[in-house]
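> Attaching a single structure in C-alpha coordinates format; questions to follow.
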Amino acid sequence: MNNTAIQKRENRSNVPERLEQSTFYTPLVDIIETDDEFVFQADLPGVKSGDVDITYENNVLTIQGNVQPRQPQDQRYFWQEYGVGPFYRQFTLNTAINADGIKAQFANGVLELHVPKAESARTRKVQIKAG
(Lines give C-alpha, C1' and ligand atoms only; values in the text may rest on other atoms or scores of the structure.)
Protein backbone atom coordinates (compact mmCIF):
# COMPACT_ATOMS: atom_id res chain seq x y z
CA MET A 1 0.00 0.00 0.00
CA ASN A 2 2.65 2.46 -0.96
CA ASN A 3 1.67 6.10 -1.43
CA THR A 4 -1.54 5.67 0.53
CA ALA A 5 -2.65 7.12 3.82
CA ILE A 6 -2.47 3.73 5.57
CA GLN A 7 0.34 1.22 5.68
CA LYS A 8 0.75 -2.11 7.41
CA ARG A 9 3.50 -1.76 9.99
CA GLU A 10 6.26 -4.30 9.38
CA ASN A 11 8.46 -3.40 12.35
CA ARG A 12 7.23 -5.52 15.22
CA SER A 13 9.74 -4.18 17.75
CA ASN A 14 6.91 -2.53 19.67
CA VAL A 15 4.65 -5.61 19.82
CA PRO A 16 3.12 -5.70 23.31
CA GLU A 17 4.89 -8.02 25.72
CA ARG A 18 1.95 -10.40 25.97
CA LEU A 19 2.23 -11.06 22.23
CA GLU A 20 5.99 -11.64 22.17
CA GLN A 21 5.96 -15.27 21.13
CA SER A 22 6.75 -17.18 17.98
CA THR A 23 3.21 -17.43 16.60
CA PHE A 24 0.38 -14.96 16.37
CA TYR A 25 -2.35 -14.57 13.80
CA THR A 26 -2.76 -11.73 11.34
CA PRO A 27 -6.46 -11.05 10.73
CA LEU A 28 -7.51 -10.02 7.24
CA VAL A 29 -8.57 -6.37 7.08
CA ASP A 30 -10.33 -4.40 4.35
CA ILE A 31 -9.93 -0.62 4.50
CA ILE A 32 -12.33 1.78 2.84
CA GLU A 33 -11.55 5.49 2.50
CA THR A 34 -14.22 8.13 2.07
CA ASP A 35 -13.93 11.90 2.12
CA ASP A 36 -14.70 11.90 5.86
CA GLU A 37 -13.29 8.69 7.32
CA PHE A 38 -11.49 5.38 7.04
CA VAL A 39 -13.51 2.22 7.67
CA PHE A 40 -11.58 -0.86 8.78
CA GLN A 41 -13.32 -4.22 8.48
CA ALA A 42 -11.34 -6.96 10.25
CA ASP A 43 -12.33 -10.62 10.01
CA LEU A 44 -12.20 -12.08 13.53
CA PRO A 45 -14.24 -15.32 13.48
CA GLY A 46 -14.84 -16.86 16.87
CA VAL A 47 -13.55 -13.80 18.73
CA LYS A 48 -15.63 -12.13 21.43
CA SER A 49 -15.68 -8.35 21.66
CA GLY A 50 -14.12 -8.53 25.13
CA ASP A 51 -11.08 -10.29 23.67
CA VAL A 52 -10.16 -7.38 21.35
CA ASP A 53 -8.10 -4.30 22.22
CA ILE A 54 -8.00 -1.29 19.90
CA THR A 55 -5.60 1.59 20.43
CA TYR A 56 -4.64 4.71 18.50
CA GLU A 57 -1.43 6.44 19.50
CA ASN A 58 1.14 8.50 17.57
CA ASN A 59 -0.67 7.95 14.24
CA VAL A 60 -0.69 4.17 14.74
CA LEU A 61 -3.91 2.14 14.91
CA THR A 62 -3.46 -1.24 16.61
CA ILE A 63 -5.92 -4.14 16.71
CA GLN A 64 -4.90 -6.99 18.98
CA GLY A 65 -6.43 -9.71 21.07
CA ASN A 66 -6.83 -13.40 21.54
CA VAL A 67 -8.82 -16.17 19.85
CA GLN A 68 -10.10 -18.51 22.55
CA PRO A 69 -10.49 -22.28 21.99
CA ARG A 70 -14.01 -23.24 21.00
CA GLN A 71 -13.68 -26.82 22.26
CA PRO A 72 -12.66 -28.15 25.69
CA GLN A 73 -8.90 -28.51 26.26
CA ASP A 74 -9.11 -32.32 26.33
CA GLN A 75 -10.94 -32.50 22.98
CA ARG A 76 -9.36 -34.99 20.55
CA TYR A 77 -9.43 -33.78 16.97
CA PHE A 78 -9.45 -35.88 13.83
CA TRP A 79 -8.46 -32.73 11.90
CA GLN A 80 -7.96 -29.19 13.19
CA GLU A 81 -7.50 -26.02 11.12
CA TYR A 82 -9.04 -23.39 13.38
CA GLY A 83 -6.19 -21.52 15.05
CA VAL A 84 -6.36 -20.18 18.57
CA GLY A 85 -4.06 -17.72 20.24
CA PRO A 86 -3.10 -14.07 19.94
CA PHE A 87 -3.68 -11.88 16.89
CA TYR A 88 -2.20 -8.53 15.97
CA ARG A 89 -2.46 -5.90 13.20
CA GLN A 90 -1.03 -2.41 13.17
CA PHE A 91 -1.50 0.44 10.69
CA THR A 92 0.20 3.81 10.38
CA LEU A 93 -2.18 6.58 9.32
CA ASN A 94 -0.51 9.43 7.49
CA THR A 95 -3.70 11.49 7.50
CA ALA A 96 -4.78 13.64 10.47
CA ILE A 97 -7.39 11.73 12.50
CA ASN A 98 -10.06 12.78 15.00
CA ALA A 99 -9.04 10.18 17.60
CA ASP A 100 -11.93 11.06 19.92
CA GLY A 101 -14.39 10.14 17.16
CA ILE A 102 -13.16 6.57 16.54
CA LYS A 103 -16.03 4.09 16.89
CA ALA A 104 -16.02 0.28 16.87
CA GLN A 105 -18.76 -2.27 16.18
CA PHE A 106 -18.51 -6.04 16.34
CA ALA A 107 -21.03 -8.33 14.64
CA ASN A 108 -20.97 -11.74 12.97
CA GLY A 109 -17.22 -12.13 13.37
CA VAL A 110 -16.38 -8.78 11.77
CA LEU A 111 -14.89 -5.86 13.68
CA GLU A 112 -15.75 -2.56 11.98
CA LEU A 113 -13.83 0.56 12.97
CA HIS A 114 -14.90 4.02 11.83
CA VAL A 115 -11.88 6.32 12.01
CA PRO A 116 -12.92 9.90 11.18
CA LYS A 117 -10.49 12.23 9.49
CA ALA A 118 -9.69 15.48 11.23
CA GLU A 119 -11.52 18.49 9.80
CA SER A 120 -8.24 19.74 8.32
CA ALA A 121 -7.80 16.49 6.34
CA ARG A 122 -11.29 16.29 4.82
CA THR A 123 -11.91 16.89 1.14
CA ARG A 124 -13.46 20.26 0.42
CA LYS A 125 -15.12 21.58 -2.69
CA VAL A 126 -13.89 25.01 -3.74
CA GLN A 127 -16.47 27.46 -5.02
CA ILE A 128 -15.54 29.48 -8.08
CA LYS A 129 -16.86 33.03 -8.15
CA ALA A 130 -17.90 34.49 -11.47
CA GLY A 131 -15.82 37.56 -12.33
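Going through the C-alpha coordinates in order, the chains are called A, B, and so on, while each chain numbers its residues from 1 and the ligands are numbered from 1 in the order shown.
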Neighbouring residues of Val60 in chain A were defined as those with any atom within 7 Å, considering only C-alpha atoms; residues of the same chain fewer than 2 positions away were excluded. Please report them as a PyMOL selection string.

chain A and resi 56-58+62+90-93

> Run DSSP on the backbone and grab whatever in range 36-85 of chain A lands in strand (DSSP E or B); send it over as a list in words.

Glu37, Phe38, Val39, Phe40, Gln41, Ala42, Asp43, Val52, Asp53, Ile54, Thr55, Tyr56, Glu57, Val60, Leu61, Thr62, Ile63, Gln64, Gly65, Asn66, Val67 and Gly85 of chain A

> Would you put the residues from that selection into a file with N, CA and C atoms, as a CSV table (one decimal), in the first residue's frame?


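What follows is the written file out_14.csv:
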```csv
chain,number,residue,atom,x,y,z
A,37,GLU,N,-13.8,9.7,6.4
A,37,GLU,CA,-13.3,8.7,7.3
A,37,GLU,C,-12.6,7.5,6.6
A,38,PHE,N,-12.0,6.7,7.4
A,38,PHE,CA,-11.5,5.4,7.0
A,38,PHE,C,-12.4,4.4,7.8
A,39,VAL,N,-12.7,3.3,7.1
A,39,VAL,CA,-13.5,2.2,7.7
A,39,VAL,C,-12.7,0.9,7.6
A,40,PHE,N,-12.3,0.4,8.7
A,40,PHE,CA,-11.6,-0.9,8.8
A,40,PHE,C,-12.6,-2.0,9.1
A,41,GLN,N,-12.5,-3.0,8.3
A,41,GLN,CA,-13.3,-4.2,8.5
A,41,GLN,C,-12.4,-5.4,8.7
A,42,ALA,N,-12.3,-5.9,9.9
A,42,ALA,CA,-11.3,-7.0,10.3
A,42,ALA,C,-12.1,-8.2,10.5
A,43,ASP,N,-11.7,-9.3,9.8
A,43,ASP,CA,-12.3,-10.6,10.0
A,43,ASP,C,-11.8,-11.3,11.3
A,52,VAL,N,-10.8,-8.3,22.3
A,52,VAL,CA,-10.2,-7.4,21.4
A,52,VAL,C,-9.8,-6.1,22.0
A,53,ASP,N,-8.6,-5.6,21.8
A,53,ASP,CA,-8.1,-4.3,22.2
A,53,ASP,C,-7.8,-3.5,21.0
A,54,ILE,N,-8.3,-2.2,21.0
A,54,ILE,CA,-8.0,-1.3,19.9
A,54,ILE,C,-7.4,0.0,20.5
A,55,THR,N,-6.2,0.4,20.0
A,55,THR,CA,-5.6,1.6,20.4
A,55,THR,C,-5.2,2.4,19.2
A,56,TYR,N,-5.2,3.8,19.5
A,56,TYR,CA,-4.6,4.7,18.5
A,56,TYR,C,-3.7,5.6,19.2
A,57,GLU,N,-2.4,5.6,18.8
A,57,GLU,CA,-1.4,6.4,19.5
A,57,GLU,C,-0.3,6.8,18.5
A,60,VAL,N,-0.7,5.6,14.9
A,60,VAL,CA,-0.7,4.2,14.7
A,60,VAL,C,-2.0,3.6,15.3
A,61,LEU,N,-2.7,2.9,14.5
A,61,LEU,CA,-3.9,2.1,14.9
A,61,LEU,C,-3.5,0.7,15.1
A,62,THR,N,-3.8,0.1,16.3
A,62,THR,CA,-3.5,-1.2,16.6
A,62,THR,C,-4.7,-2.0,17.0
A,63,ILE,N,-4.8,-3.2,16.4
A,63,ILE,CA,-5.9,-4.1,16.7
A,63,ILE,C,-5.2,-5.4,17.2
A,64,GLN,N,-5.5,-5.8,18.4
A,64,GLN,CA,-4.9,-7.0,19.0
A,64,GLN,C,-5.9,-7.7,19.9
A,65,GLY,N,-5.6,-8.9,20.2
A,65,GLY,CA,-6.4,-9.7,21.1
A,65,GLY,C,-6.1,-11.2,21.1
A,66,ASN,N,-7.1,-12.0,21.4
A,66,ASN,CA,-6.8,-13.4,21.5
A,66,ASN,C,-8.0,-14.2,21.1
A,67,VAL,N,-7.8,-15.2,20.3
A,67,VAL,CA,-8.8,-16.2,19.9
A,67,VAL,C,-8.8,-17.3,20.9
A,85,GLY,N,-5.2,-18.4,19.7
A,85,GLY,CA,-4.1,-17.7,20.2
A,85,GLY,C,-4.2,-16.2,19.9
```

> Choose the residue, out of A:Ala121, A:Val84, A:Ala104, A:Ala130, that has the smallest atom-to-atom separation from Pro45 in chain A; count only C-alpha atoms.

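For Pro45 in chain A, the nearest of the candidates is A:Val84.
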
> Find the residues around Phe24 in chain A up to 7 Å (only C-alpha atoms counted), leave out those fewer than 5 positions away in its own chain, and share them as a PyMOL selection string.

chain A and resi 85-88

> Suppose you want the space between CA of Tyr25 in chain A and CA of Leu44 in chain A; what is it in Å?

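According to the coordinates, CA of Tyr25 in chain A and CA of Leu44 in chain A are separated by 10.2 Å.
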
> Find the spatial neighbours of Asp100 in chain A, counting only C-alpha atoms, within a cut-off of 9 Å - ignore same-chain residues fewer than 3 positions away - and output them as a PyMOL selection string.

chain A and resi 97+103+116
